[in-house]
Structure formats: structure tokens, C-alpha cells
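Q: After the C-alpha cells below, expect a handful of questions from me.
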Amino acid sequence: MRSAPVAHAIASHAPSSPENGDSQERTRRTRGMKTWLWRCGGLLILFVAVAAIHPLPLTLMAQCLVVDEVVIEADAVVVSGGQACHEVAVEHVLRAKNQQILFTACLPNRLERDGVVPMRSETALEFYRSRGLPDDKLVMVADEMASLRESFAAIGNYLEQHDQAAILVCSEFASRRMRWKINQACSGTQARRFYVNSISDPLVPRDGWWKTRHGLRAFCDQSLSLIMCWLYRSSREEWRLRTNEEFTNAAVVEDGAR
Amino acid sequence: MKRLRRCIRWTAMLLILVLLMGWLTCDLWRPAMGRYLVVGQPLQESVDYVYVLGGGIETRPYVAAEVYRKGFCDELLLPGTADLGKTATPLGFNYDLLTRDILLLREVDAERITFVGKSANSTRDEAVALVKFFAGLQRMRESDEVTIAIVTNDFHTRRTKLIFEEIRNSSSAGNLNFRYIAAPTDGFGPENWWKHEVGCRTYLLEYLKLLYTIVV
């Protein structure tokens, strides 16, 4: 004869029939799944609640995109960015008497090739001259660069050959990507010659990017770009411009509707 | 604790299975993902207007000019205003002005180009500007059906369709019929977007934007 607790244990573990056992197992799994869903939901709600009360998590997310390195000593300035970055580069050169701006020329895009707009390097040169920089402060390191990586590689080589260091001026949210691109394009000794100096954009503040659509767009764009920069670190971009025939085929099916 | 371990094991196995299946079938789903975004087609018949959306400056105006050159439309509409050059910076360009310059370069007559309103910052702004422009014209011809071909990049056509039809339906501009023309992008397309850093970024960002448009 079994004692009562043992009998109870056997009764609770041994299924009375196979169907019953399956359903018990299913119930247990569903309950486990539900618990996990509740936990994940809870964590998400907690994150949203914390983000709503205090912007720290969102600010930290933006912080992941930003690098701002302390410049020890630089002989040159390199720009990767828009108008504001070029303005800052000019300020750097005007302030420190012995600095130069290093730049590269890219392969012409369709608009440059068709003469709709001047080459970007020419526009930049014109801008620097209009800000009072003499020609000896402007050094074109290489031309016909197909990508940013190629440009950084060329500038890295130049810096090593001339035993110089450079400040790279770029926008705040693009700064970590720029650091990664430099590390991918240059050897270790060359990469250490760059100091990334990030410029904050008043339209996309680090502690308020989620408040505007522009900020949201910039954050998503730069986050994705950063991920892609890492994923495609060893690939070489092969760029092919579309032909006029492809444009015609995309536009209409047959000729002579008018 | 036992249940937790089992749960983690199952989740990990499921994740590995999903990743493995995804990797094995990537030749199927990656082009399908690209094609899903493209709803534009080349025109088969004439339209009243062609509306060239801002951005994609290296491709969209070229395709719009082809529509005009082949005789499928007589009038081209651009977002933005004739008050050009104001927003250009020393190192930037006014894209409305540039689009017009490209169209002129591609043999479109200057008097056939019309600006529909103030400069737009998003596809939604462009849709609103277009509907408002025609609301102004409707006073003159109320019952006319107007067909407008909207030129944008291939990956952008599905979101454009969603937004334009929503704006049209909400503003009772039911007499506007839209067609969508997918301008190909330099370097990559729906069939090979994942092979390029920029292509991958563009398509994934477009999916995020599509999700945002649907949800918000």
C-alpha cells in the first residue's frame, strides 16, 4: 500500500490518458509563452514610460552615433558634410595660421557631367576663396574618387607621407560612421592621424531629436547608415549610371502619343 | 527555472531556424521586398500633367522630360515656387531650380513648366500642394477629370501612392486621377538593392517610412 503523499505525487505526474497529457503540456507551454510576452511587453512599457518621463534613454541612443575626439595637434582640416561643416573648417584654418584644408575631387555625377552644376570640388574651392582663404591653404590630395572610403584612404596616405594629423569636421550624427569609415579605409597608423570633430545641428539636437519629424528622419537615416557601414565594410561600390534608354523605358511604353 | 531554460532553448532554436530559412531563401524574398515597393509603370496613354516630385534630382527630371519628349504630356508641374534661388546656400543648390534647369536642358519648353506652391519638405507636403493647386483651378472647370502622372523613384512609388490617394480622398478632389511612374535609381534597383551599401540603406529606410506612414 502506498502512503498518501507518494500517491498524490504519482497522481499529479502520471497522465490519466495520452490526450490529457498533451493538453496539459500545451497549456503549460501557452502559459509560459504568455508569461514571456507579458515580460517583453512590460519591458517595452517601462522603456516608453522612462523615455516619456526622462529623455535619458533616447539621448543615450543618439549618443551611440556621436564621436567627438579631443584634438591634440593638427596640421590640416578635412571636411565631410554640408555648409555648416565647411564654415567650421574655414574658422579652424583662419584661427590656426599653419593649417590647410585637404580635399579630394569625386567622379562626376550626371548633373556635373551634363554641365547642370559645376563640380563639387570647384564649388568648394570657390567657397573657400570667397571666405578669404589663400590658394596655398587649399590642397587637393586626389581626384576621381569613387567613394568616401577611397577619399579617406587617399587623405590617410597623404597625412602619413607628410607626417601630419588632420581634424575631420562632420555633422554630429554622422561622426561615428565617419570614424568607422576612416578605420576601414586606412591602416591603423593612418587612422590615428584623424581627429573627428563633430558639429551639432540645431535642427537635430542630441537631447531632442525625437520631437520633430526632421530629427526622427535624421536619426533613423544615420542609424541605418552606421549599420550598413559596418555590414558592407569589405565591399567595393560599383556604381553604374542609368542610360537615356532606361529612362525612356521607365517613362513610356510606346512612342508618339501627341 | 527549468521552464525558463526550456523557453530560452526554444526561442534560440526558433531564431536559428528563422535565420537559416531566411538565408536559404534570400534569393526569393530580397527581390520580392524590392518589387513590393514599386507600383509605378511606364505610361501607355497620354496624361494631362506630369508632376515631378522633389529629390532624386539625378533621375526624376530625366524621366519626366522623356514623358514630355515622347508626346505623352504637354504640361509639367513642379513642387516649390517661382521665387527661386532664395533657399540655396553657397555650397548647396535650390533643387526646384535645378529640376527646372534639367527639364530645360532636356528640351522641355519653359512655358510648359509650372510651380504648384511653396517649397515642400515631404511627400505629404507635395501632395497637399498639388491638391490645393487644382482646387484653385477647379473654380474654372469644375467637372473636368484630370489625369496626373507622378514621377518619383521606383522605391518611393508605393508610399507616394498611399499618401497621394489619402490626401485626394480626404480633400474631396475626386476628379484627380493619378498614375505613377517609377524612375530607376542609379547604381541599384529592386532586383539588386542589397548588394550596395546605399541601396540597402535606401530600401530599409523606405520600409521604415512606409510603416510610419501607415501607422501615423
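Numbering starts fresh at 1 for the residues of each chain in the C-alpha cells, the chains themselves are lettered A, B, ... in the order given, and ligands are numbered from 1 as they appear.
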Please identify all residues of chain A having at least one atom at most 8 Å from any atom of chain B, considering only C-alpha atoms, and return them as number ranges by chain.
A: A: 32-33, 82-83, 110-111, 116, 123-124, 127, 220-221, 224-225, 228-229, 232, 237-242, 246-258
Q: Dump N, CA and C atoms for the selected residues as an mmCIF file, in the first residue's frame?
A:
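Output below, filename selection-v8.cif:
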```cif
data_model
loop_
_atom_site.group_PDB
_atom_site.id
_atom_site.type_symbol
_atom_site.label_atom_id
_atom_site.label_comp_id
_atom_site.auth_asym_id
_atom_site.auth_seq_id
_atom_site.Cartn_x
_atom_site.Cartn_y
_atom_site.Cartn_z
ATOM 1 N N GLY A 32 3.595 29.565 -20.440
ATOM 2 C CA GLY A 32 4.989 30.031 -20.482
ATOM 3 C C GLY A 32 5.183 31.125 -21.518
ATOM 4 N N MET A 33 4.582 30.917 -22.672
ATOM 5 C CA MET A 33 4.659 31.891 -23.768
ATOM 6 C C MET A 33 4.036 33.211 -23.338
ATOM 7 N N GLY A 82 27.969 69.260 -44.928
ATOM 8 C CA GLY A 82 27.367 70.372 -45.653
ATOM 9 C C GLY A 82 27.966 71.722 -45.306
ATOM 10 N N GLN A 83 27.145 72.729 -45.538
ATOM 11 C CA GLN A 83 27.564 74.118 -45.387
ATOM 12 C C GLN A 83 28.182 74.403 -44.015
ATOM 13 N N ARG A 110 25.808 62.693 -62.729
ATOM 14 C CA ARG A 110 25.156 63.005 -64.012
ATOM 15 C C ARG A 110 25.005 64.518 -64.219
ATOM 16 N N LEU A 111 24.649 65.219 -63.148
ATOM 17 C CA LEU A 111 24.430 66.667 -63.272
ATOM 18 C C LEU A 111 25.733 67.392 -63.593
ATOM 19 N N VAL A 116 25.041 70.757 -65.693
ATOM 20 C CA VAL A 116 23.944 71.451 -64.993
ATOM 21 C C VAL A 116 24.488 72.172 -63.766
ATOM 22 N N THR A 123 33.125 74.041 -56.611
ATOM 23 C CA THR A 123 32.213 74.846 -55.778
ATOM 24 C C THR A 123 32.833 75.081 -54.403
ATOM 25 N N ALA A 124 33.436 74.029 -53.864
ATOM 26 C CA ALA A 124 34.055 74.152 -52.537
ATOM 27 C C ALA A 124 35.233 75.127 -52.584
ATOM 28 N N PHE A 127 34.039 78.595 -52.674
ATOM 29 C CA PHE A 127 33.525 78.994 -51.362
ATOM 30 C C PHE A 127 34.672 79.383 -50.423
ATOM 31 N N CYS A 220 17.006 58.021 -37.803
ATOM 32 C CA CYS A 220 16.821 56.713 -38.466
ATOM 33 C C CYS A 220 17.816 56.568 -39.615
ATOM 34 N N ASP A 221 17.967 57.625 -40.392
ATOM 35 C CA ASP A 221 18.866 57.584 -41.550
ATOM 36 C C ASP A 221 20.305 57.295 -41.101
ATOM 37 N N LEU A 224 20.740 53.697 -39.577
ATOM 38 C CA LEU A 224 20.802 52.693 -40.642
ATOM 39 C C LEU A 224 22.132 52.787 -41.398
ATOM 40 N N SER A 225 22.557 54.011 -41.659
ATOM 41 C CA SER A 225 23.827 54.207 -42.378
ATOM 42 C C SER A 225 24.990 53.608 -41.599
ATOM 43 N N MET A 228 24.836 49.870 -41.950
ATOM 44 C CA MET A 228 25.244 49.477 -43.304
ATOM 45 C C MET A 228 26.761 49.637 -43.488
ATOM 46 N N CYS A 229 27.301 50.680 -42.877
ATOM 47 C CA CYS A 229 28.741 50.934 -42.959
ATOM 48 C C CYS A 229 29.506 49.739 -42.388
ATOM 49 N N TYR A 232 28.763 46.454 -44.733
ATOM 50 C CA TYR A 232 29.394 46.493 -46.058
ATOM 51 C C TYR A 232 30.853 46.964 -45.965
ATOM 52 N N GLU A 237 32.052 49.526 -53.789
ATOM 53 C CA GLU A 237 30.881 50.030 -54.505
ATOM 54 C C GLU A 237 31.145 50.080 -56.004
ATOM 55 N N GLU A 238 30.281 49.437 -56.752
ATOM 56 C CA GLU A 238 30.372 49.555 -58.214
ATOM 57 C C GLU A 238 29.152 50.334 -58.670
ATOM 58 N N TRP A 239 29.391 51.516 -59.128
ATOM 59 C CA TRP A 239 28.303 52.433 -59.426
ATOM 60 C C TRP A 239 28.102 52.540 -60.934
ATOM 61 N N ARG A 240 26.869 52.337 -61.355
ATOM 62 C CA ARG A 240 26.593 52.444 -62.788
ATOM 63 C C ARG A 240 25.471 53.464 -62.993
ATOM 64 N N LEU A 241 25.759 54.456 -63.827
ATOM 65 C CA LEU A 241 24.733 55.456 -64.105
ATOM 66 C C LEU A 241 23.747 54.891 -65.133
ATOM 67 N N ARG A 242 22.485 55.223 -64.974
ATOM 68 C CA ARG A 242 21.452 54.761 -65.917
ATOM 69 C C ARG A 242 21.629 55.447 -67.270
ATOM 70 N N GLU A 246 17.165 53.698 -70.654
ATOM 71 C CA GLU A 246 16.498 53.185 -69.451
ATOM 72 C C GLU A 246 15.474 54.196 -68.931
ATOM 73 N N PHE A 247 15.816 55.463 -69.030
ATOM 74 C CA PHE A 247 14.859 56.495 -68.609
ATOM 75 C C PHE A 247 13.633 56.476 -69.502
ATOM 76 N N THR A 248 13.848 56.317 -70.815
ATOM 77 C CA THR A 248 12.713 56.278 -71.750
ATOM 78 C C THR A 248 11.838 55.064 -71.461
ATOM 79 N N ASN A 249 12.464 53.921 -71.243
ATOM 80 C CA ASN A 249 11.689 52.704 -70.967
ATOM 81 C C ASN A 249 10.879 52.822 -69.678
ATOM 82 N N ALA A 250 11.447 53.536 -68.713
ATOM 83 C CA ALA A 250 10.725 53.718 -67.451
ATOM 84 C C ALA A 250 9.575 54.701 -67.615
ATOM 85 N N ALA A 251 9.699 55.619 -68.576
ATOM 86 C CA ALA A 251 8.722 56.694 -68.717
ATOM 87 C C ALA A 251 7.486 56.276 -69.502
ATOM 88 N N VAL A 252 7.705 55.716 -70.672
ATOM 89 C CA VAL A 252 6.559 55.420 -71.550
ATOM 90 C C VAL A 252 6.730 54.055 -72.225
ATOM 91 N N VAL A 253 5.598 53.529 -72.701
ATOM 92 C CA VAL A 253 5.645 52.225 -73.355
ATOM 93 C C VAL A 253 5.881 52.368 -74.847
ATOM 94 N N GLU A 254 5.204 53.312 -75.466
ATOM 95 C CA GLU A 254 5.393 53.451 -76.911
ATOM 96 C C GLU A 254 5.522 54.908 -77.307
ATOM 97 N N ASP A 255 5.944 55.117 -78.519
ATOM 98 C CA ASP A 255 6.269 56.459 -78.994
ATOM 99 C C ASP A 255 5.047 57.157 -79.626
ATOM 100 N N GLY A 256 5.103 58.488 -79.619
ATOM 101 C CA GLY A 256 4.201 59.272 -80.472
ATOM 102 C C GLY A 256 2.765 59.376 -80.032
ATOM 103 N N ALA A 257 2.544 59.666 -78.739
ATOM 104 C CA ALA A 257 1.152 59.812 -78.278
ATOM 105 C C ALA A 257 0.562 61.147 -78.647
ATOM 106 N N ARG A 258 1.416 62.170 -78.786
ATOM 107 C CA ARG A 258 0.885 63.518 -79.025
ATOM 108 C C ARG A 258 0.276 63.647 -80.412
#
```
Q: Determine which residues of region 97-245 of chain A receive a DSSP assignment of strand (DSSP E or B), computed from the backbone, and state them as a PyMOL selection string.
A: chain A and resi 100-106+138-145+166-171+194-199+201+204
